[in-house]
>>> print(open('input.cif').read())   # mmCIF, C-alpha atoms and all ligand atoms
data_run
loop_
_atom_site.label_atom_id
_atom_site.label_comp_id
_atom_site.auth_asym_id
_atom_site.auth_seq_id
_atom_site.Cartn_x
_atom_site.Cartn_y
_atom_site.Cartn_z
CA MET W 1 -6.59 -17.20 18.64
CA THR W 2 -9.91 -15.55 19.23
CA GLY W 3 -10.33 -11.93 20.02
CA GLU W 4 -12.26 -8.73 20.06
CA THR W 5 -13.12 -6.98 16.79
CA ARG W 6 -13.39 -3.18 16.63
CA ASN W 7 -13.57 -0.94 13.55
CA GLY W 8 -12.70 -3.84 11.28
CA LEU W 9 -9.59 -4.81 13.26
CA THR W 10 -9.28 -7.93 15.40
CA TYR W 11 -7.22 -7.91 18.58
CA PRO W 12 -6.29 -11.54 19.29
CA PHE W 13 -4.63 -11.12 22.69
CA GLU W 14 -6.72 -11.36 25.82
CA ARG W 15 -4.22 -9.56 28.02
CA VAL W 16 -1.23 -7.25 27.82
CA PRO W 17 2.15 -7.93 29.51
CA GLU W 18 2.73 -6.50 32.98
CA PRO W 19 5.71 -4.14 33.41
CA GLY W 20 8.81 -6.34 33.71
CA GLU W 21 7.09 -9.30 32.03
CA ALA W 22 8.01 -10.74 28.61
CA LEU W 23 4.93 -12.41 27.13
CA HIS W 24 5.91 -15.31 24.88
CA PHE W 25 3.38 -15.65 22.04
CA ALA W 26 5.18 -17.12 19.01
CA PRO W 27 8.40 -19.11 18.46
CA GLY W 28 11.20 -16.85 19.71
CA VAL W 29 8.98 -13.75 19.94
CA TYR W 30 8.13 -11.98 23.22
CA TRP W 31 5.98 -8.92 23.87
CA VAL W 32 7.30 -6.41 26.43
CA ARG W 33 5.43 -3.30 27.52
CA MET W 34 7.13 -0.32 29.19
CA PRO W 35 5.51 2.70 30.85
CA LEU W 36 5.39 6.01 28.99
CA GLN W 37 4.14 9.44 30.02
CA LEU W 38 2.85 11.08 26.87
CA THR W 39 -0.50 12.73 26.24
CA GLY W 40 -2.97 9.92 25.70
CA LEU W 41 -0.25 7.24 25.74
CA ASN W 42 0.82 5.39 28.87
CA HIS W 43 2.84 2.56 27.32
CA ILE W 44 5.11 1.46 24.49
CA ASN W 45 5.31 -2.08 23.11
CA LEU W 46 8.77 -3.56 22.58
CA TRP W 47 9.73 -6.93 21.18
CA LEU W 48 12.29 -9.45 22.28
CA LEU W 49 13.52 -11.90 19.62
CA ALA W 50 15.43 -15.05 20.53
CA ASP W 51 17.95 -16.94 18.47
CA ASN W 52 20.11 -19.89 19.42
CA THR W 53 22.89 -17.84 20.93
CA GLY W 54 21.29 -14.68 22.27
CA TRP W 55 18.69 -11.97 22.03
CA THR W 56 17.65 -8.99 19.97
CA ILE W 57 15.52 -6.18 21.39
CA VAL W 58 13.35 -4.13 19.05
CA ASP W 59 13.00 -0.60 20.53
CA THR W 60 14.01 0.31 24.05
CA GLY W 61 11.61 2.62 25.91
CA MET W 62 12.41 6.14 27.15
CA ALA W 63 15.47 6.66 29.37
CA SER W 64 14.45 6.26 33.02
CA ALA W 65 15.65 4.35 36.06
CA GLU W 66 12.27 2.60 36.21
CA ILE W 67 12.57 1.20 32.67
CA GLN W 68 16.21 0.25 33.20
CA GLY W 69 15.02 -1.72 36.22
CA HIS W 70 12.38 -3.50 34.13
CA TRP W 71 14.98 -4.46 31.51
CA LYS W 72 17.30 -5.84 34.19
CA SER W 73 14.56 -8.01 35.62
CA ILE W 74 13.52 -9.19 32.14
CA PHE W 75 17.11 -10.21 31.35
CA ALA W 76 17.36 -12.05 34.68
CA THR W 77 13.99 -13.79 34.39
CA TYR W 78 13.54 -14.60 30.71
CA CYS W 79 16.87 -14.59 28.90
CA GLY W 80 18.32 -17.86 30.22
CA GLY W 81 21.81 -16.42 30.66
CA LYS W 82 22.16 -15.76 26.93
CA PRO W 83 23.55 -12.35 25.95
CA LEU W 84 21.79 -9.38 24.44
CA LYS W 85 23.42 -9.27 21.00
CA ARG W 86 21.53 -6.47 19.28
CA VAL W 87 19.19 -3.61 19.92
CA MET W 88 17.33 -2.64 16.78
CA CYS W 89 15.53 0.73 16.82
CA THR W 90 12.67 1.29 14.40
CA HIS W 91 13.26 5.06 14.59
CA PHE W 92 15.01 7.74 16.63
CA HIS W 93 12.10 8.99 18.79
CA PRO W 94 13.04 8.87 22.48
CA ASP W 95 10.57 6.15 23.46
CA HIS W 96 12.17 3.93 20.78
CA MET W 97 15.88 4.80 20.98
CA GLY W 98 16.01 6.23 24.51
CA LEU W 99 17.98 3.40 26.11
CA ALA W 100 20.07 2.24 23.14
CA GLY W 101 23.16 3.91 24.63
CA TRP W 102 22.61 2.42 28.06
CA LEU W 103 21.94 -1.08 26.68
CA ARG W 104 25.09 -0.89 24.58
CA ASP W 105 27.15 0.24 27.59
CA GLU W 106 25.64 -2.43 29.88
CA THR W 107 25.84 -5.39 27.52
CA GLY W 108 28.17 -4.53 24.62
CA CYS W 109 25.34 -5.21 22.16
CA HIS W 110 25.27 -3.65 18.68
CA LEU W 111 22.82 -0.93 17.71
CA LEU W 112 20.98 -1.62 14.45
CA ALA W 113 19.18 1.27 12.78
CA SER W 114 18.64 2.88 9.41
CA ARG W 115 21.19 5.57 8.67
CA LEU W 116 18.83 8.55 8.92
CA GLU W 117 17.33 7.38 12.20
CA TRP W 118 20.78 6.86 13.69
CA LEU W 119 21.93 10.28 12.43
CA TYR W 120 18.91 12.10 13.86
CA GLY W 121 19.16 10.30 17.18
CA ARG W 122 22.88 10.86 17.46
CA MET W 123 22.57 14.53 16.44
CA PHE W 124 19.73 15.42 18.82
CA SER W 125 21.24 13.47 21.71
CA LEU W 126 24.47 15.49 21.36
CA ASP W 127 22.77 18.88 20.77
CA PRO W 128 24.12 21.12 23.55
CA ALA W 129 21.61 23.95 22.91
CA THR W 130 20.13 25.25 26.13
CA GLU W 131 17.61 27.53 24.48
CA THR W 132 15.35 27.58 21.46
CA ALA W 133 17.08 28.94 18.33
CA THR W 134 16.12 32.41 17.10
CA SER W 135 15.26 30.93 13.71
CA ALA W 136 12.81 28.55 15.40
CA LEU W 137 11.14 31.42 17.28
CA GLU W 138 10.87 33.26 13.96
CA HIS W 139 9.16 30.21 12.47
CA TYR W 140 6.68 30.07 15.37
CA ARG W 141 5.76 33.71 14.66
CA LYS W 142 5.18 32.95 10.97
CA ILE W 143 2.74 30.20 11.90
CA ASP W 144 1.06 32.51 14.42
CA MET W 145 1.56 30.39 17.48
CA PRO W 146 0.04 32.05 20.57
CA ALA W 147 2.46 34.72 21.86
CA ALA W 148 2.37 33.27 25.38
CA HIS W 149 3.46 29.89 24.04
CA ILE W 150 6.30 31.43 22.02
CA ALA W 151 7.42 33.25 25.18
CA HIS W 152 7.32 29.92 27.00
CA LEU W 153 9.44 28.29 24.25
CA GLN W 154 11.87 31.20 24.51
CA ARG W 155 12.41 30.38 28.17
CA VAL W 156 12.76 26.61 27.83
CA ARG W 157 14.48 24.82 24.97
CA ASP W 158 11.98 23.28 22.55
CA ASN W 159 14.14 20.21 21.93
CA ASP W 160 14.37 18.16 25.09
CA TYR W 161 15.38 14.99 23.26
CA ALA W 162 18.69 14.78 25.09
CA GLN W 163 16.82 14.75 28.43
CA CYS W 164 14.81 11.67 27.42
CA VAL W 165 17.62 9.50 26.05
CA THR W 166 20.99 8.12 27.02
CA THR W 167 23.50 9.33 24.42
CA VAL W 168 22.89 7.47 21.17
CA PRO W 169 25.99 5.31 20.49
CA GLU W 170 28.72 6.66 18.22
CA GLN W 171 28.74 3.39 16.29
CA TYR W 172 25.93 1.40 14.70
CA ILE W 173 25.12 -1.21 12.07
CA ARG W 174 23.13 0.21 9.20
CA ILE W 175 19.97 -1.52 8.04
CA ARG W 176 18.29 -0.69 4.75
CA ASP W 177 14.97 -1.29 3.09
CA GLY W 178 14.93 -4.88 1.79
CA ASP W 179 17.69 -6.14 4.10
CA VAL W 180 17.05 -9.54 5.63
CA LEU W 181 17.92 -9.96 9.32
CA ASN W 182 18.23 -13.51 10.50
CA PHE W 183 17.28 -14.33 14.09
CA GLY W 184 17.64 -18.08 14.64
CA ASP W 185 15.18 -19.96 12.43
CA TYR W 186 13.49 -16.80 11.20
CA ASP W 187 14.25 -14.19 8.58
CA TRP W 188 12.87 -10.70 9.06
CA VAL W 189 12.80 -8.29 6.11
CA VAL W 190 13.30 -4.57 6.70
CA ILE W 191 10.51 -2.42 5.24
CA VAL W 192 11.18 1.31 5.49
CA GLY W 193 8.35 3.80 5.93
CA THR W 194 8.61 7.58 6.01
CA GLY W 195 6.58 10.56 7.19
CA HIS W 196 6.36 9.87 10.92
CA ALA W 197 10.15 9.59 11.05
CA PRO W 198 12.72 10.01 8.27
CA GLU W 199 13.65 6.34 7.64
CA HIS W 200 11.47 4.28 9.95
CA ALA W 201 12.35 0.56 9.81
CA CYS W 202 9.62 -2.06 10.19
CA LEU W 203 10.37 -5.80 10.25
CA TYR W 204 8.32 -8.43 8.46
CA CYS W 205 8.69 -12.19 8.98
CA GLU W 206 6.97 -14.21 6.28
CA LYS W 207 7.30 -17.53 8.11
CA LEU W 208 5.66 -16.17 11.27
CA ASN W 209 3.41 -13.85 9.23
CA MET W 210 4.12 -10.94 11.57
CA LEU W 211 4.97 -7.29 11.03
CA ILE W 212 6.78 -5.28 13.71
CA ALA W 213 5.31 -1.92 12.72
CA GLY W 214 6.82 0.53 15.24
CA ASP W 215 4.92 3.82 14.95
CA GLN W 216 4.39 3.57 11.18
CA ILE W 217 1.03 1.78 11.50
CA LEU W 218 -0.91 2.05 14.75
CA PRO W 219 -4.39 0.59 15.21
CA ARG W 220 -6.27 3.20 17.25
CA ILE W 221 -4.31 6.43 17.01
CA THR W 222 -2.88 8.05 13.89
CA PRO W 223 0.91 8.40 14.01
CA HIS W 224 2.00 12.00 14.47
CA ILE W 225 3.01 13.66 11.19
CA GLY W 226 4.49 17.08 11.81
CA VAL W 227 6.48 19.90 10.21
CA TYR W 228 9.06 21.56 12.47
CA PRO W 229 11.28 24.66 12.19
CA ASP W 230 14.35 22.68 11.08
CA GLU W 231 12.60 21.80 7.80
CA ALA W 232 9.67 24.15 7.47
CA GLU W 233 8.99 23.36 3.81
CA ALA W 234 8.91 19.58 4.28
CA ASN W 235 5.97 17.48 3.09
CA PRO W 236 6.04 14.46 5.40
CA LEU W 237 2.32 13.76 4.98
CA GLN W 238 2.73 12.89 1.29
CA ASP W 239 5.78 10.79 2.24
CA TYR W 240 3.70 9.02 4.84
CA MET W 241 0.74 8.27 2.61
CA ASP W 242 3.00 7.12 -0.23
CA SER W 243 5.00 4.86 2.04
CA LEU W 244 1.88 3.20 3.48
CA GLU W 245 1.24 1.82 0.00
CA ARG W 246 4.37 -0.30 0.36
CA PHE W 247 2.68 -2.37 3.07
CA ARG W 248 -0.22 -3.43 0.86
CA ARG W 249 1.88 -6.25 -0.61
CA LEU W 250 1.87 -8.00 2.79
CA PRO W 251 -0.76 -10.69 3.33
CA ALA W 252 -4.19 -9.61 4.58
CA ASP W 253 -3.89 -11.95 7.57
CA VAL W 254 -0.51 -10.70 8.84
CA LEU W 255 -0.38 -10.07 12.60
CA VAL W 256 0.66 -6.43 13.12
CA LEU W 257 2.77 -5.69 16.20
CA PRO W 258 2.49 -1.91 16.76
CA ALA W 259 4.49 0.21 19.22
CA HIS W 260 1.30 1.54 20.83
CA ASN W 261 -2.09 -0.08 21.49
CA GLU W 262 -2.38 -3.84 20.98
CA PRO W 263 -1.35 -6.34 18.26
CA PHE W 264 -4.03 -6.69 15.60
CA PHE W 265 -5.20 -8.35 12.41
CA GLY W 266 -6.59 -6.16 9.64
CA LEU W 267 -3.54 -4.43 8.13
CA HIS W 268 -5.24 -3.56 4.85
CA ALA W 269 -8.33 -2.11 6.54
CA ARG W 270 -6.05 -0.01 8.75
CA LEU W 271 -4.03 1.28 5.78
CA ASP W 272 -7.30 2.36 4.13
CA ALA W 273 -8.51 4.04 7.31
CA LEU W 274 -5.24 5.95 7.83
CA ILE W 275 -5.20 7.22 4.25
CA ASP W 276 -8.93 8.10 4.36
CA HIS W 277 -8.40 9.98 7.61
CA HIS W 278 -5.73 12.22 6.10
CA ASP W 279 -7.61 12.65 2.80
CA GLU W 280 -10.65 13.78 4.75
CA ARG W 281 -8.57 16.26 6.74
CA LEU W 282 -6.98 17.62 3.54
CA ASN W 283 -10.40 18.10 1.92
CA LEU W 284 -11.80 19.77 5.02
CA LEU W 285 -8.87 22.14 5.24
CA GLU W 286 -8.95 22.97 1.53
CA ALA W 287 -12.67 23.83 1.75
CA ALA W 288 -12.11 26.00 4.84
CA LEU W 289 -9.38 27.93 3.02
CA ALA W 290 -11.90 29.47 0.62
CA GLU W 291 -11.44 32.26 3.19
CA PRO W 292 -7.70 32.92 3.77
CA LYS W 293 -6.46 31.69 7.13
CA ARG W 294 -3.40 31.70 9.34
CA VAL W 295 -2.09 28.37 10.66
CA SER W 296 -3.60 29.28 14.05
CA GLU W 297 -7.03 29.57 12.40
CA THR W 298 -6.71 26.14 10.78
CA ILE W 299 -6.32 24.53 14.21
CA ASP W 300 -10.08 24.76 14.86
CA VAL W 301 -10.79 23.18 11.46
CA MET W 302 -8.30 20.37 12.07
CA PHE W 303 -9.00 19.57 15.71
CA ARG W 304 -12.44 21.09 16.36
CA ARG W 305 -11.30 22.09 19.85
CA THR W 306 -8.82 24.35 21.63
CA LEU W 307 -5.44 22.73 22.20
CA LYS W 308 -4.04 22.55 25.70
CA ASP W 309 -0.56 24.00 26.30
CA HIS W 310 1.40 20.79 25.81
CA GLU W 311 -0.56 19.97 22.64
CA ILE W 312 0.21 23.25 20.88
CA ASP W 313 3.57 22.25 19.36
CA LEU W 314 2.27 18.94 18.02
CA GLY W 315 -1.01 20.50 16.83
CA PHE W 316 0.65 23.33 14.90
CA ALA W 317 3.20 20.91 13.42
CA GLU W 318 0.40 18.64 12.27
CA ALA W 319 -1.64 21.49 10.76
CA LEU W 320 1.45 22.65 8.90
CA ALA W 321 2.05 19.14 7.55
CA HIS W 322 -1.44 19.16 6.02
CA LEU W 323 -1.00 22.71 4.65
CA ASN W 324 2.37 21.90 3.06
CA CYS W 325 0.82 18.81 1.47
CA LEU W 326 -2.01 20.91 -0.01
CA ILE W 327 0.53 23.43 -1.35
CA GLU W 328 2.56 20.72 -3.05
CA GLN W 329 -0.61 19.31 -4.57
CA GLY W 330 -1.35 22.77 -6.00
CA ARG W 331 -4.60 23.09 -4.04
CA VAL W 332 -3.55 25.87 -1.64
CA SER W 333 -1.20 28.85 -1.86
CA ARG W 334 0.70 30.65 0.88
CA GLU W 335 1.70 34.28 1.24
CA ALA W 336 3.09 36.37 4.08
CA ASP W 337 1.04 39.32 5.35
CA ALA W 338 2.56 42.71 6.29
CA ALA W 339 3.63 41.31 9.68
CA GLY W 340 5.33 38.31 8.04
CA VAL W 341 2.65 35.86 9.22
CA TRP W 342 1.77 33.17 6.71
CA ARG W 343 -1.75 33.09 5.26
CA TYR W 344 -3.11 30.21 3.27
CA ARG W 345 -5.76 30.37 0.58
CA ARG W 346 -7.49 27.83 -1.57
CA VAL W 347 -6.36 27.93 -5.19
CA THR W 348 -9.42 28.51 -7.32
CA THR W 349 -9.19 27.07 -10.76
CA ALA W 350 -11.16 28.91 -13.43
CA MET W 351 -14.30 27.09 -14.49
CA PRO W 352 -13.91 25.77 -18.04
CA SER W 353 -16.03 27.84 -20.36
CA LEU W 354 -18.87 26.02 -22.00
CA GLY W 355 -19.40 26.41 -25.72
CA ALA W 356 -17.94 29.19 -27.84
ZN ZN W 401 7.56 7.79 16.90
#
>>> encode(input="input.cif", output="structure tokens")
Amino acid sequence: MTGETRNGLTYPFERVPEPGEALHFAPGVYWVRMPLQLTGLNHINLWLLADNTGWTIVDTGMASAEIQGHWKSIFATYCGGKPLKRVMCTHFHPDHMGLAGWLRDETGCHLLASRLEWLYGRMFSLDPATETATSALEHYRKIDMPAAHIAHLQRVRDNDYAQCVTTVPEQYIRIRDGDVLNFGDYDWVVIVGTGHAPEHACLYCEKLNMLIAGDQILPRITPHIGVYPDEAEANPLQDYMDSLERFRRLPADVLVLPAHNEPFFGLHARLDALIDHHDERLNLLEAALAEPKRVSETIDVMFRRTLKDHEIDLGFAEALAHLNCLIEQGRVSREADAAGVWRYRRVTTAMPSLGA
């Protein structure tokens, strides 16, 4: 396969699948692409794995009639009358688990997921809350979110997960790090990553030399790492960077199949770039905190631009992830001002005295 090389990564495919198409590119492996309406992201990549008796889908797309229609035409066109046996979700985010419930109801297939991803998906899909919790609004005040945005969140619920998914099934098959899933002639090993999602499952097939990476490793965008009101003291960025190290043992020439953008070669270069990116952000933020700042004031340092309305939640969550990481590394401290708003300051270590 030849292909285009950009930033040290090689993209071997000359085209992407059309909606409703399953692009066959390796024994028993098909690439499916579904539409998505997220800021800067108009698609998600899903994978269809064949074995002798049926099919496994990896990730589902968001819940919508359009995507359900695409799945129906894919089953009719490509699946040769063999049943859908399993839907495996890398993680609980709605573009990945959104149609697991519908696929199970339609076909009787089993849902495979790690326990934490299933629990989160099941919990959020059943959450009946119609408004944002008081404790969450309190959190948004501590991080100094713009008052108009907090007022907006007070009017609409901040968790619209249930709107984007069909109810996550009440039953699943647990997969764990190191488990081997057999699909026909091929074994796929589960490799769990953390940080972007609590127990994100990737799949690696040694024989095919391919890694289904989900959102854990993306080639052109950095996976979102955020801290939210439900776990305000979390440090997912350290989790993320630590868990990336687990992928270094894979061969340098593995083909990475990411959930967004295109399949690529250059895993190790990408791991370096992702870690460098966050290290650089941490250093930048630490330097800027020589003068104490609120979370809102770190947004300019982090993003070097004003965030649009729909970017505010993600942007603040991402800034907080970097701040919590710096706190845990002992490089930054946090205190609340008289109004209860958090301020962050660089920890200055005393210069060692020279001589007597
Ligand atoms: Zn995700």
>>> closest_residue(input="input.cif", among="W:Thr39, W:Gln171, W:Asn235, W:Gln163", to="Trp118 of chain W", atoms="all atoms listed in the file")
W:Gln171
>>> closest_atom_pairs(input="input.cif", of="segment 26-46 of chain W", to="segment 217-223 of chain W", cutoff="12 Å", atoms="all atoms listed in the file", output="tab-separated table")
residue	atom	partner	partner_atom	distance
W:Thr39	CA	W:Ile221	CA	11.8
W:Gly40	CA	W:Ile221	CA	9.5
W:Leu41	CA	W:Ile221	CA	9.7
W:Ile44	CA	W:Leu218	CA	11.5
W:Asn45	CA	W:Leu218	CA	11.2
>>> residues_near_ligand(input="input.cif", ligand="ligand ZN 401 (chain W)", cutoff="12 Å", atoms="only C-alpha atoms and all ligand atoms", output="PyMOL selection string")
chain W and resi 38+41+44-45+59+61-62+89-98+117+121+193-201+213-218+221-226+258-260
>>> residues_near_point(input="input.cif", point="(12.7, -12.9, 20.5)", cutoff="9 Å", atoms="only C-alpha atoms", output="ChimeraX atom specification")
/W:24,26-31,47-51,54-58,183
>>> residues_around(input="input.cif", residues="Ala290 of chain W", least_positions_apart="2", cutoff="9 Å", atoms="all atoms listed in the file", output="list of chain:residue names")
W:Glu286, W:Ala287, W:Ala288, W:Pro292, W:Lys293, W:Arg345, W:Arg346, W:Val347, W:Thr348
>>> write_last_selection(input="input.cif", atoms="C-alpha atoms", output="CSV table (one decimal), keeping the file's coordinate frame")
chain,number,residue,atom,x,y,z
W,286,GLU,CA,-9.0,23.0,1.5
W,287,ALA,CA,-12.7,23.8,1.8
W,288,ALA,CA,-12.1,26.0,4.8
W,292,PRO,CA,-7.7,32.9,3.8
W,293,LYS,CA,-6.5,31.7,7.1
W,345,ARG,CA,-5.8,30.4,0.6
W,346,ARG,CA,-7.5,27.8,-1.6
W,347,VAL,CA,-6.4,27.9,-5.2
W,348,THR,CA,-9.4,28.5,-7.3
>>> atom_distance(input="input.cif", atom1="atom CA of Gly80 of chain W", atom2="atom CA of Asn261 of chain W")
28.4 Å
>>> closest_residue(input="input.cif", among="W:Val256, W:Met241, W:Cys325, W:Thr60", to="Ala273 of chain W", atoms="only C-alpha atoms")
W:Met241
>>> atom_distance(input="input.cif", atom1="atom CA of Leu289 of chain W", atom2="atom CA of Asp276 of chain W")
19.9 Å
>>> atom_distance(input="input.cif", atom1="atom CA of Leu320 of chain W", atom2="atom CA of Arg141 of chain W")
13.2 Å
>>> closest_residue(input="input.cif", among="W:Arg270, W:Tyr228, W:Glu291, W:Gly330", to="Ile143 of chain W", atoms="all atoms listed in the file")
W:Tyr228
>>> residues_near_point(input="input.cif", point="(-9.9, -12.5, 17.7)", cutoff="9 Å", atoms="only C-alpha atoms", output="MDAnalysis selection string")
chainID W and resid 1:5 9:14 264:265
>>> residues_around(input="input.cif", residues="Thr306 of chain W", least_positions_apart="5", cutoff="12 Å", atoms="all atoms listed in the file", output="PDB file with C-alpha atoms, in the frame of the given file")
ATOM      1  CA  PRO W 146       0.040  32.050  20.570  1.00  0.00           C
ATOM      2  CA  SER W 296      -3.600  29.280  14.050  1.00  0.00           C
ATOM      3  CA  GLU W 297      -7.030  29.570  12.400  1.00  0.00           C
ATOM      4  CA  THR W 298      -6.710  26.140  10.780  1.00  0.00           C
ATOM      5  CA  ILE W 299      -6.320  24.530  14.210  1.00  0.00           C
ATOM      6  CA  ASP W 300     -10.080  24.760  14.860  1.00  0.00           C
ATOM      7  CA  VAL W 301     -10.790  23.180  11.460  1.00  0.00           C
ATOM      8  CA  GLU W 311      -0.560  19.970  22.640  1.00  0.00           C
ATOM      9  CA  ILE W 312       0.210  23.250  20.880  1.00  0.00           C
ATOM     10  CA  GLY W 315      -1.010  20.500  16.830  1.00  0.00           C
ATOM     11  CA  PHE W 316       0.650  23.330  14.900  1.00  0.00           C
TER      12      PHE W 316
END
>>> closest_residue(input="input.cif", among="W:Gln37, W:Thr107, W:Thr167, W:Thr130", to="Lys72 of chain W", atoms="only C-alpha atoms")
W:Thr107
>>> closest_residue(input="input.cif", among="W:His70, W:His110, W:Arg86, W:Arg334", to="Pro169 of chain W", atoms="only C-alpha atoms")
W:His110
>>> residues_around(input="input.cif", residues="Val341 of chain W", least_positions_apart="6", cutoff="10 Å", atoms="all atoms listed in the file", output="list of chain:residue names")
W:Glu138, W:His139, W:Tyr140, W:Arg141, W:Lys142, W:Ile143, W:Asp144, W:Met145, W:Arg294, W:Val295, W:Glu335
>>> closest_residue(input="input.cif", among="W:Asp179, W:Asp187, W:Glu231, W:Glu318", to="Leu112 of chain W", atoms="only C-alpha atoms")
W:Asp179
>>> residues_around(input="input.cif", residues="Val192 of chain W", least_positions_apart="5", cutoff="9 Å", atoms="all atoms listed in the file", output="compact mmCIF listing (two decimals) with C-alpha atoms, in the coordinates of the input")
# COMPACT_ATOMS: atom_id res chain seq x y z
CA SER W 114 18.64 2.88 9.41
CA ARG W 176 18.29 -0.69 4.75
CA ASP W 177 14.97 -1.29 3.09
CA GLY W 178 14.93 -4.88 1.79
CA GLU W 199 13.65 6.34 7.64
CA HIS W 200 11.47 4.28 9.95
CA ALA W 201 12.35 0.56 9.81
CA CYS W 202 9.62 -2.06 10.19
CA LEU W 203 10.37 -5.80 10.25
CA SER W 243 5.00 4.86 2.04
CA ARG W 246 4.37 -0.30 0.36
>>> decode(input="input.cif", residues="segment 235-253 of chain W", atoms="N, CA and C atoms", output="mmCIF file, in the first residue's frame")
data_model
loop_
_atom_site.group_PDB
_atom_site.id
_atom_site.type_symbol
_atom_site.label_atom_id
_atom_site.label_comp_id
_atom_site.auth_asym_id
_atom_site.auth_seq_id
_atom_site.Cartn_x
_atom_site.Cartn_y
_atom_site.Cartn_z
ATOM 1 N N ASN W 235 -7.668 13.094 37.920
ATOM 2 C CA ASN W 235 -6.466 13.441 37.151
ATOM 3 C C ASN W 235 -6.374 12.559 35.905
ATOM 4 N N PRO W 236 -7.325 12.721 34.984
ATOM 5 C CA PRO W 236 -7.337 11.825 33.821
ATOM 6 C C PRO W 236 -6.159 12.044 32.870
ATOM 7 N N LEU W 237 -5.539 13.227 32.928
ATOM 8 C CA LEU W 237 -4.431 13.468 31.996
ATOM 9 C C LEU W 237 -3.232 12.573 32.325
ATOM 10 N N GLN W 238 -2.944 12.435 33.647
ATOM 11 C CA GLN W 238 -1.847 11.530 34.020
ATOM 12 C C GLN W 238 -2.209 10.097 33.629
ATOM 13 N N ASP W 239 -3.476 9.728 33.863
ATOM 14 C CA ASP W 239 -3.939 8.384 33.466
ATOM 15 C C ASP W 239 -3.706 8.181 31.973
ATOM 16 N N TYR W 240 -4.063 9.202 31.214
ATOM 17 C CA TYR W 240 -3.961 9.089 29.757
ATOM 18 C C TYR W 240 -2.499 8.909 29.326
ATOM 19 N N MET W 241 -1.642 9.792 29.839
ATOM 20 C CA MET W 241 -0.244 9.724 29.408
ATOM 21 C C MET W 241 0.404 8.407 29.858
ATOM 22 N N ASP W 242 0.065 7.968 31.071
ATOM 23 C CA ASP W 242 0.613 6.685 31.540
ATOM 24 C C ASP W 242 0.118 5.540 30.660
ATOM 25 N N SER W 243 -1.165 5.579 30.304
ATOM 26 C CA SER W 243 -1.701 4.429 29.566
ATOM 27 C C SER W 243 -1.200 4.413 28.121
ATOM 28 N N LEU W 244 -0.805 5.556 27.577
ATOM 29 C CA LEU W 244 -0.242 5.539 26.214
ATOM 30 C C LEU W 244 1.035 4.701 26.159
ATOM 31 N N GLU W 245 1.760 4.679 27.287
ATOM 32 C CA GLU W 245 3.019 3.922 27.316
ATOM 33 C C GLU W 245 2.786 2.434 27.038
ATOM 34 N N ARG W 246 1.579 1.963 27.352
ATOM 35 C CA ARG W 246 1.294 0.539 27.170
ATOM 36 C C ARG W 246 1.248 0.142 25.700
ATOM 37 N N PHE W 247 1.124 1.137 24.813
ATOM 38 C CA PHE W 247 1.025 0.825 23.385
ATOM 39 C C PHE W 247 2.392 0.786 22.706
ATOM 40 N N ARG W 248 3.421 1.170 23.452
ATOM 41 C CA ARG W 248 4.765 1.192 22.852
ATOM 42 C C ARG W 248 5.276 -0.207 22.533
ATOM 43 N N ARG W 249 4.728 -1.219 23.240
ATOM 44 C CA ARG W 249 5.198 -2.596 22.990
ATOM 45 C C ARG W 249 4.704 -3.125 21.649
ATOM 46 N N LEU W 250 3.761 -2.453 21.015
ATOM 47 C CA LEU W 250 3.263 -2.911 19.711
ATOM 48 C C LEU W 250 4.300 -2.573 18.635
ATOM 49 N N PRO W 251 4.306 -3.361 17.547
ATOM 50 C CA PRO W 251 5.322 -3.131 16.519
ATOM 51 C C PRO W 251 5.205 -1.746 15.877
ATOM 52 N N ALA W 252 6.339 -1.211 15.446
ATOM 53 C CA ALA W 252 6.377 0.135 14.849
ATOM 54 C C ALA W 252 5.547 0.189 13.569
ATOM 55 N N ASP W 253 5.387 -0.962 12.892
ATOM 56 C CA ASP W 253 4.689 -0.929 11.601
ATOM 57 C C ASP W 253 3.230 -1.403 11.697
#
